[in-house]
Amino acid sequence: MATRRSVRILRPVLYATGAGLVGGGVLYTAYRPRDIPGSEAAAVPPPTYGEGGIFRPPKFPVVKSREEQIADLKRSSGTPVENVEKVKNNFGNWFGNSTASAKVTGEEEPYDLLIIGGGATGSGIALDAATRGLRVALVERDDFSSGTSSKSTKLVHGGVRYLEKAFWNLDYNQYKLVVEALRERRYFLDTAPHLSSWLPIMIPIDKWWKAPYFWAGTKMYDFLAGSENIESSYFLTKSKALDAFPMLKKTGLVGALVYYDGAHNDSRMNVSLAMTAALYGATVVNHLEVTALEKDASGRLNGARAKDCITELNGKRAEEFTIKAKGIINATGPFTDSIRKLDDPNVEEIVAPSSGVHVILPGYYSPANMGLIDPSTSDGRVIFFLPWQGNTIAGTTDTPTSISRNPVASEDEIEWILKEIRRYLQPEINVRRGDVLAAWSGIRPLVRDPKAKKTEGLVRNHLVTASPSGLITCSGGKWTTYRQMAEETIDEAIKEFNLQPKSLTNAPRVSGTAVDDEAPLDGTCQTHRVRLIGAHGFSKTLFINLIQHYGVETEVAKYLTAAYGDRAWTVAALSAPTDQRFPVRGKRLSTLYPFIDGEVRYCVKYEYAQTATDVIARRMRLAFLNAQAALEALPTVIDLMGDELHWDAKRKDREWKDTLEYLGSMGLPKGKLTLTRKDVESGRVGKYADEEYQLYARHDKPDETPALDSEYSQGHNPVIGKESAANK
C-alpha cells in the first residue's frame, strides 16, 4: 500500500522534473551566450601614447610595389630586369622598414602556380597557396573583383531557397551545398569581422498556414548550421513585424519569420584577400592580361605570355613577357571558357552565363538593421531587399545573357524589380524609377560538368577540373564558399603538379605587432583561421579611438573601421587637414557619403589601385551606391590619383572617358555620359532635360516661380515693414 502511494507521489514529481529539464535545455539552447563574430575585443589593442606623450601609430607590414611584383613575374622566366627602387612606407615596415628590392638576374625562378583571375575565387586560391608555403603568382586582366565578385547580393549565406529545393526535390547535392555554405559562413565572419556582419532577414507571411511551413524551414536552417549558428530564428506577430519593418504593406500581413544570415562588403573583401596573399609572399598583379599559354615539348603547360595594360593606358606599347610556372589555374569566372580555349581551341564550352540585376534605392526604403526576402515573386523567383552601406539593395534577377566585361542592367529588369518591391511595401510609398541611385548586372557563371552527359543540367555548386595539358579550372560556386573552393583547387593542384607544401617559418605579422596569427602555418590548409588584413586590431569601438586621435567625423570613423579594419589608422593619417575646428582631418569626396580623400591615397599606395574606376567602384563603393554622386566626385578622385601616380593631362582625359563609360554600366543616365569635367564641376550633374526628369530625378519637379515669392517685389521683407524700428 505504501509502495503504491509512493509511486503515485513520485510519478508527477518525476514528470515535472523531466519536463523542467527538457524545457530548460530548450531555453538554454535558444538563449545561451553566443560568440558573435566582431563583438569580442580586438586581438591587438589600439595604439597608445608612449614616453614623453608621443603617439605611436601601428607599424603595419607593406606589400611590394606593383613594379616590384612585375619584376618578380619576369624573373620567373629568367628575363633580366632592372633594379627596382625600394618602396618605403610612411609608417615604416615591421621587417626592416622597406620591401625587398629586385635584383638584376638572368636565373630562372619558376612559380609553383600561376593563377589567372583576381576575383574571389582566384584571390582565395592565392591566399591558400601562399599560406601553404607554395610560390604562387596571380594576374588579373582588369582589377580585383572587377567582374562578378563585386556585383553580388552582398550576402554571406547558406541559401534558404536551396534548402527548400533540396527538401522538395530530394536533392542531396542541394542539401550538401547548404551545409557547406553554412559552415563557410562562420569562417567568413571570423576571418574578416570588419567586412562582414550578421543580418536578420524577415520573411513576411500572408496566410496563417504558411507560418508553420516557414517556421520549420528556418528552424531546419538553424539546425544545419549547428554550433556555427549565431542567432536563432523567431516568429513575429503582425504588430511586431510592422514595428521592425514599418514600410511593409499591412493588408494581408499575418506575421513574419526572421532568420539570420551574413552580409559583407564584397569587393573590399576581395581586395583584402589579394593583399593578404601578397603579404604572405604571393606575387599579385592587377591590370595584367594573359595573352597566350605556353607548353613544353611533351604538351604540358609550363607558363603564360602576359602584358601590362597600364602601360597601354599611359599611351605606350606594352611589351609581352613570359611567366613560368609548374602549374596554371584558371579562375576567371564568366571568362572561364576563353582561357580554356587558349589551352585547347576545340574544347567544349562549360559556362552558361546568367544575368543577375540589382538596384540601389535610398536608405529610407528599409530599416538599417533588418533585411527582407520575398520567397514567392510574381514569376516564382526569390528577391532580396537589404540594407547596405546606408542605402537599400534589391535583387536579383536570373536570366540567360551573353558575356561582356561591363554588362548593363536592362530597363525591363529594373522595372521588374521595382514592380515586385511595390507588391510588399505600403501603397502610400511611391516606388519611383527616379529613386534608383544605381543599377548593375552581374554575370553568374553557372557551369556544366564536361565529364557529364549532355542531357544533365547545370552544376549548382562549384567544379574543379583538369585538362590533359594540366590546366586546372575552378568554376561556378558562390561568394560564401570561396574558401572551400580554393582549398579543393589547391589540393587538386598539389596532386596534379606534384607540389611540396611547407611550413612558413618566417610568416609576416599581419597585425603589425608582436601578436602572431593563431593559425599554425604547417603546410596544410589553414585559411579558415587566417585573419585577413585589417582584422587583427578591429573592434566595434575602434572608431572612437580614431575620432579621439585624428579628429575625423563619427560617420567617417565608423565607415573607415568597417571598410579597412585596423588599417583605418593609416587611412586617417593620409587624410588632409580640413582647416576647421572639427572635423580636423578627412575631406569628403561626396557630401552624401563618408568617403574621404585619404582613402584614395591609401588605395594607390597599398592596394594597387591604378585607375579611377578601381577607386570609386571597388575600393570605396560610391559607384555602386550612387552613380551620379560618383560622377560628381570623379574630378577630385582623378586629381588625387594623378598626384600619386604622376599622370599627365592625356592620361587624366583617358581616365575621365573610361570611368564615364563604366558609370554608364552602373545606371548613370544616358544624358550624363557626354558631360565634360567642366560640366560636372559647374553643377550640371543634377540638371535634367524635361523628358528625363520623371525617369531619373529623385524629387517632384518644382514650379518655376513659387507663388509666395512672386507676391512681393525683390528685396522686400514681408515680415518687417518700412516703418519698423528695426529699420531705423
# chains A, B, ... in the order shown; residues from 1 in each chain; ligands from 1
>>> residues_around(residues="Leu663 (chain A)", least_positions_apart="4", cutoff="7 Å", atoms="only C-alpha atoms", output="PDB file with N, CA and C atoms, in the first residue's frame")
ATOM      1  N   ALA A 623      30.400  54.216 -56.709  1.00  0.00           N
ATOM      2  CA  ALA A 623      29.742  53.934 -57.986  1.00  0.00           C
ATOM      3  C   ALA A 623      28.582  52.962 -57.807  1.00  0.00           C
ATOM      4  N   ALA A 627      25.448  56.421 -58.698  1.00  0.00           N
ATOM      5  CA  ALA A 627      26.238  56.664 -59.908  1.00  0.00           C
ATOM      6  C   ALA A 627      26.456  58.154 -60.151  1.00  0.00           C
ATOM      7  N   THR A 659      36.075  56.080 -67.114  1.00  0.00           N
ATOM      8  CA  THR A 659      35.228  55.994 -65.917  1.00  0.00           C
ATOM      9  C   THR A 659      33.793  56.360 -66.235  1.00  0.00           C
ATOM     10  N   GLY A 667      24.250  52.475 -64.178  1.00  0.00           N
ATOM     11  CA  GLY A 667      22.966  53.150 -64.113  1.00  0.00           C
ATOM     12  C   GLY A 667      23.012  54.648 -64.277  1.00  0.00           C
ATOM     13  N   LEU A 668      24.173  55.207 -64.654  1.00  0.00           N
ATOM     14  CA  LEU A 668      24.231  56.644 -64.904  1.00  0.00           C
ATOM     15  C   LEU A 668      23.351  56.972 -66.105  1.00  0.00           C
TER      16      LEU A 668
END
>>> residues_around(residues="Asn330 (chain A)", least_positions_apart="6", cutoff="12 Å", atoms="only C-alpha atoms", output="NGL selection string")
:A and (113-119 or 121-123 or 125-126 or 138-140 or 290 or 293 or 304 or 336-343 or 463-467 or 470-476 or 486 or 489-490 or 493)
>>> write_last_selection(atoms="C-alpha atoms", output="mmCIF file, in the first residue's frame")
data_model
loop_
_atom_site.group_PDB
_atom_site.id
_atom_site.type_symbol
_atom_site.label_atom_id
_atom_site.label_comp_id
_atom_site.auth_asym_id
_atom_site.auth_seq_id
_atom_site.Cartn_x
_atom_site.Cartn_y
_atom_site.Cartn_z
ATOM 1 C CA LEU A 113 51.440 28.000 -59.503
ATOM 2 C CA LEU A 114 50.213 30.787 -61.765
ATOM 3 C CA ILE A 115 46.600 31.797 -61.085
ATOM 4 C CA ILE A 116 44.690 33.621 -63.812
ATOM 5 C CA GLY A 117 41.836 35.678 -62.409
ATOM 6 C CA GLY A 118 41.699 38.035 -59.418
ATOM 7 C CA GLY A 119 38.094 37.612 -58.303
ATOM 8 C CA THR A 121 37.975 32.511 -56.234
ATOM 9 C CA GLY A 122 41.380 33.433 -57.660
ATOM 10 C CA SER A 123 42.350 35.607 -54.688
ATOM 11 C CA ILE A 125 43.302 30.323 -54.138
ATOM 12 C CA ALA A 126 46.346 32.622 -53.987
ATOM 13 C CA LEU A 138 48.192 35.803 -59.504
ATOM 14 C CA VAL A 139 47.434 38.012 -62.505
ATOM 15 C CA GLU A 140 44.184 39.788 -63.351
ATOM 16 C CA VAL A 290 47.357 36.846 -70.216
ATOM 17 C CA LEU A 293 49.576 29.882 -72.687
ATOM 18 C CA ALA A 304 51.943 32.096 -69.993
ATOM 19 C CA THR A 336 36.491 30.613 -67.954
ATOM 20 C CA ASP A 337 35.993 29.287 -71.486
ATOM 21 C CA SER A 338 38.207 31.970 -73.070
ATOM 22 C CA ILE A 339 41.188 30.742 -71.024
ATOM 23 C CA ARG A 340 40.293 27.095 -71.672
ATOM 24 C CA LYS A 341 40.376 27.836 -75.392
ATOM 25 C CA LEU A 342 43.893 29.273 -75.087
ATOM 26 C CA ASP A 343 44.806 25.769 -73.912
ATOM 27 C CA LEU A 463 33.526 22.421 -60.237
ATOM 28 C CA VAL A 464 37.282 21.687 -60.262
ATOM 29 C CA THR A 465 38.595 20.019 -63.416
ATOM 30 C CA ALA A 466 41.981 19.401 -65.049
ATOM 31 C CA SER A 467 42.700 19.290 -68.796
ATOM 32 C CA GLY A 470 47.435 20.386 -66.956
ATOM 33 C CA LEU A 471 45.153 23.435 -66.906
ATOM 34 C CA ILE A 472 43.162 23.310 -63.666
ATOM 35 C CA THR A 473 39.858 25.165 -63.874
ATOM 36 C CA CYS A 474 37.797 26.174 -60.848
ATOM 37 C CA SER A 475 34.389 27.434 -61.924
ATOM 38 C CA GLY A 476 30.897 28.017 -60.588
ATOM 39 C CA ALA A 486 40.217 27.434 -53.011
ATOM 40 C CA THR A 489 41.619 23.595 -56.004
ATOM 41 C CA ILE A 490 44.983 23.683 -54.225
ATOM 42 C CA ALA A 493 46.978 21.214 -57.866
#
>>> residues_around(residues="Lys605 (chain A)", least_positions_apart="4", cutoff="12 Å", atoms="only C-alpha atoms", output="list in words")
Val62, Val63, Lys64, Ser65, Arg66, Val87, Lys88, Asn89, Asn90, Met275, Thr570, Val571, Leu574, Gly598, Glu599, Val600, Arg601, Ala609, Gln610, Val615, Leu640, Met641, Asp643, Glu644 and Leu645 of chain A
>>> closest_atom_pairs(of="region 409-470 of chain A", to="region 192-210 of chain A", cutoff="12 Å", atoms="only C-alpha atoms", output="Markdown table")
| residue | atom | partner | partner_atom | distance |
| --- | --- | --- | --- | --- |
| A:Arg423 | CA | A:Pro204 | CA | 11.7 |
| A:Tyr424 | CA | A:Pro204 | CA | 8.6 |
| A:Leu425 | CA | A:Pro204 | CA | 11.0 |
>>> select_by_dssp(residues="region 333-561 of chain A", states="strand (DSSP E)", output="PyMOL selection string")
chain A and resi 351-361+371-374+383-388+391-395+399-400+438-447+462-466+471-476
>>> residues_around(residues="Glu184 (chain A)", least_positions_apart="5", cutoff="10 Å", atoms="only C-alpha atoms", output="ChimeraX atom specification")
/A:156-158,178-179,189-190,225,228,479-484,528
>>> atom_distance(atom1="CA of Ala649 (chain A)", atom2="CA of Gly315 (chain A)")
11.7 Å
>>> decode(residues="region 552-579 of chain A", atoms="N, CA, C and O atoms", output="PDB file, in the first residue's frame")
ATOM      1  N   VAL A 552      38.397  62.803 -36.892  1.00  0.00           N
ATOM      2  CA  VAL A 552      37.532  62.602 -38.050  1.00  0.00           C
ATOM      3  C   VAL A 552      36.081  62.536 -37.588  1.00  0.00           C
ATOM      4  O   VAL A 552      35.798  62.292 -36.416  1.00  0.00           O
ATOM      5  N   GLU A 553      35.149  62.770 -38.520  1.00  0.00           N
ATOM      6  CA  GLU A 553      33.726  62.719 -38.184  1.00  0.00           C
ATOM      7  C   GLU A 553      33.334  61.320 -37.711  1.00  0.00           C
ATOM      8  O   GLU A 553      33.925  60.320 -38.122  1.00  0.00           O
ATOM      9  N   THR A 554      32.314  61.265 -36.876  1.00  0.00           N
ATOM     10  CA  THR A 554      31.861  59.973 -36.351  1.00  0.00           C
ATOM     11  C   THR A 554      31.419  59.037 -37.465  1.00  0.00           C
ATOM     12  O   THR A 554      31.794  57.857 -37.492  1.00  0.00           O
ATOM     13  N   GLU A 555      30.622  59.535 -38.405  1.00  0.00           N
ATOM     14  CA  GLU A 555      30.164  58.699 -39.522  1.00  0.00           C
ATOM     15  C   GLU A 555      31.349  58.195 -40.339  1.00  0.00           C
ATOM     16  O   GLU A 555      31.397  57.029 -40.740  1.00  0.00           O
ATOM     17  N   VAL A 556      32.322  59.062 -40.561  1.00  0.00           N
ATOM     18  CA  VAL A 556      33.510  58.685 -41.327  1.00  0.00           C
ATOM     19  C   VAL A 556      34.323  57.644 -40.568  1.00  0.00           C
ATOM     20  O   VAL A 556      34.787  56.653 -41.144  1.00  0.00           O
ATOM     21  N   ALA A 557      34.503  57.847 -39.268  1.00  0.00           N
ATOM     22  CA  ALA A 557      35.294  56.909 -38.464  1.00  0.00           C
ATOM     23  C   ALA A 557      34.658  55.522 -38.439  1.00  0.00           C
ATOM     24  O   ALA A 557      35.348  54.500 -38.554  1.00  0.00           O
ATOM     25  N   LYS A 558      33.337  55.468 -38.293  1.00  0.00           N
ATOM     26  CA  LYS A 558      32.650  54.169 -38.301  1.00  0.00           C
ATOM     27  C   LYS A 558      32.821  53.475 -39.646  1.00  0.00           C
ATOM     28  O   LYS A 558      33.063  52.260 -39.709  1.00  0.00           O
ATOM     29  N   TYR A 559      32.695  54.248 -40.709  1.00  0.00           N
ATOM     30  CA  TYR A 559      32.866  53.661 -42.043  1.00  0.00           C
ATOM     31  C   TYR A 559      34.288  53.157 -42.257  1.00  0.00           C
ATOM     32  O   TYR A 559      34.496  52.045 -42.751  1.00  0.00           O
ATOM     33  N   LEU A 560      35.293  53.965 -41.892  1.00  0.00           N
ATOM     34  CA  LEU A 560      36.688  53.579 -42.135  1.00  0.00           C
ATOM     35  C   LEU A 560      37.050  52.298 -41.398  1.00  0.00           C
ATOM     36  O   LEU A 560      37.723  51.421 -41.952  1.00  0.00           O
ATOM     37  N   THR A 561      36.617  52.163 -40.152  1.00  0.00           N
ATOM     38  CA  THR A 561      36.960  50.953 -39.409  1.00  0.00           C
ATOM     39  C   THR A 561      36.228  49.735 -39.964  1.00  0.00           C
ATOM     40  O   THR A 561      36.757  48.619 -39.925  1.00  0.00           O
ATOM     41  N   ALA A 562      35.015  49.939 -40.507  1.00  0.00           N
ATOM     42  CA  ALA A 562      34.277  48.819 -41.098  1.00  0.00           C
ATOM     43  C   ALA A 562      34.846  48.418 -42.450  1.00  0.00           C
ATOM     44  O   ALA A 562      34.745  47.257 -42.854  1.00  0.00           O
ATOM     45  N   ALA A 563      35.450  49.364 -43.177  1.00  0.00           N
ATOM     46  CA  ALA A 563      35.968  49.074 -44.515  1.00  0.00           C
ATOM     47  C   ALA A 563      37.438  48.645 -44.495  1.00  0.00           C
ATOM     48  O   ALA A 563      37.860  47.837 -45.324  1.00  0.00           O
ATOM     49  N   TYR A 564      38.219  49.177 -43.565  1.00  0.00           N
ATOM     50  CA  TYR A 564      39.663  48.922 -43.553  1.00  0.00           C
ATOM     51  C   TYR A 564      40.150  48.248 -42.273  1.00  0.00           C
ATOM     52  O   TYR A 564      41.331  47.902 -42.176  1.00  0.00           O
ATOM     53  N   GLY A 565      39.283  48.073 -41.283  1.00  0.00           N
ATOM     54  CA  GLY A 565      39.708  47.473 -40.034  1.00  0.00           C
ATOM     55  C   GLY A 565      40.765  48.332 -39.365  1.00  0.00           C
ATOM     56  O   GLY A 565      40.665  49.559 -39.323  1.00  0.00           O
ATOM     57  N   ASP A 566      41.819  47.682 -38.853  1.00  0.00           N
ATOM     58  CA  ASP A 566      42.859  48.457 -38.168  1.00  0.00           C
ATOM     59  C   ASP A 566      43.675  49.318 -39.133  1.00  0.00           C
ATOM     60  O   ASP A 566      44.384  50.233 -38.697  1.00  0.00           O
ATOM     61  N   ARG A 567      43.588  49.063 -40.453  1.00  0.00           N
ATOM     62  CA  ARG A 567      44.286  49.929 -41.417  1.00  0.00           C
ATOM     63  C   ARG A 567      43.630  51.302 -41.531  1.00  0.00           C
ATOM     64  O   ARG A 567      44.160  52.189 -42.202  1.00  0.00           O
ATOM     65  N   ALA A 568      42.509  51.506 -40.853  1.00  0.00           N
ATOM     66  CA  ALA A 568      41.885  52.827 -40.812  1.00  0.00           C
ATOM     67  C   ALA A 568      42.832  53.852 -40.190  1.00  0.00           C
ATOM     68  O   ALA A 568      42.745  55.046 -40.495  1.00  0.00           O
ATOM     69  N   TRP A 569      43.753  53.413 -39.330  1.00  0.00           N
ATOM     70  CA  TRP A 569      44.759  54.326 -38.770  1.00  0.00           C
ATOM     71  C   TRP A 569      45.589  54.942 -39.897  1.00  0.00           C
ATOM     72  O   TRP A 569      45.860  56.149 -39.900  1.00  0.00           O
ATOM     73  N   THR A 570      46.000  54.120 -40.840  1.00  0.00           N
ATOM     74  CA  THR A 570      46.813  54.621 -41.946  1.00  0.00           C
ATOM     75  C   THR A 570      45.997  55.522 -42.862  1.00  0.00           C
ATOM     76  O   THR A 570      46.486  56.554 -43.331  1.00  0.00           O
ATOM     77  N   VAL A 571      44.747  55.136 -43.132  1.00  0.00           N
ATOM     78  CA  VAL A 571      43.885  55.950 -43.994  1.00  0.00           C
ATOM     79  C   VAL A 571      43.690  57.336 -43.385  1.00  0.00           C
ATOM     80  O   VAL A 571      43.805  58.362 -44.074  1.00  0.00           O
ATOM     81  N   ALA A 572      43.407  57.377 -42.091  1.00  0.00           N
ATOM     82  CA  ALA A 572      43.197  58.666 -41.433  1.00  0.00           C
ATOM     83  C   ALA A 572      44.461  59.513 -41.455  1.00  0.00           C
ATOM     84  O   ALA A 572      44.405  60.736 -41.644  1.00  0.00           O
ATOM     85  N   ALA A 573      45.618  58.871 -41.280  1.00  0.00           N
ATOM     86  CA  ALA A 573      46.882  59.608 -41.292  1.00  0.00           C
ATOM     87  C   ALA A 573      47.171  60.211 -42.659  1.00  0.00           C
ATOM     88  O   ALA A 573      47.841  61.248 -42.758  1.00  0.00           O
ATOM     89  N   LEU A 574      46.674  59.577 -43.719  1.00  0.00           N
ATOM     90  CA  LEU A 574      46.900  60.077 -45.075  1.00  0.00           C
ATOM     91  C   LEU A 574      45.865  61.119 -45.501  1.00  0.00           C
ATOM     92  O   LEU A 574      45.943  61.642 -46.606  1.00  0.00           O
ATOM     93  N   SER A 575      44.907  61.397 -44.634  1.00  0.00           N
ATOM     94  CA  SER A 575      43.847  62.357 -44.962  1.00  0.00           C
ATOM     95  C   SER A 575      44.324  63.781 -44.690  1.00  0.00           C
ATOM     96  O   SER A 575      45.020  64.045 -43.711  1.00  0.00           O
ATOM     97  N   ALA A 576      43.906  64.677 -45.550  1.00  0.00           N
ATOM     98  CA  ALA A 576      44.364  66.063 -45.451  1.00  0.00           C
ATOM     99  C   ALA A 576      43.631  66.810 -44.334  1.00  0.00           C
ATOM    100  O   ALA A 576      42.463  66.521 -44.045  1.00  0.00           O
ATOM    101  N   PRO A 577      44.310  67.772 -43.701  1.00  0.00           N
ATOM    102  CA  PRO A 577      43.638  68.622 -42.707  1.00  0.00           C
ATOM    103  C   PRO A 577      42.525  69.433 -43.365  1.00  0.00           C
ATOM    104  O   PRO A 577      42.629  69.838 -44.524  1.00  0.00           O
ATOM    105  N   THR A 578      41.457  69.664 -42.612  1.00  0.00           N
ATOM    106  CA  THR A 578      40.313  70.394 -43.158  1.00  0.00           C
ATOM    107  C   THR A 578      40.389  71.894 -42.876  1.00  0.00           C
ATOM    108  O   THR A 578      39.581  72.662 -43.404  1.00  0.00           O
ATOM    109  N   ASP A 579      41.321  72.312 -42.005  1.00  0.00           N
ATOM    110  CA  ASP A 579      41.430  73.715 -41.581  1.00  0.00           C
ATOM    111  C   ASP A 579      40.156  74.186 -40.885  1.00  0.00           C
ATOM    112  O   ASP A 579      39.801  75.358 -40.937  1.00  0.00           O
TER     113      ASP A 579
END
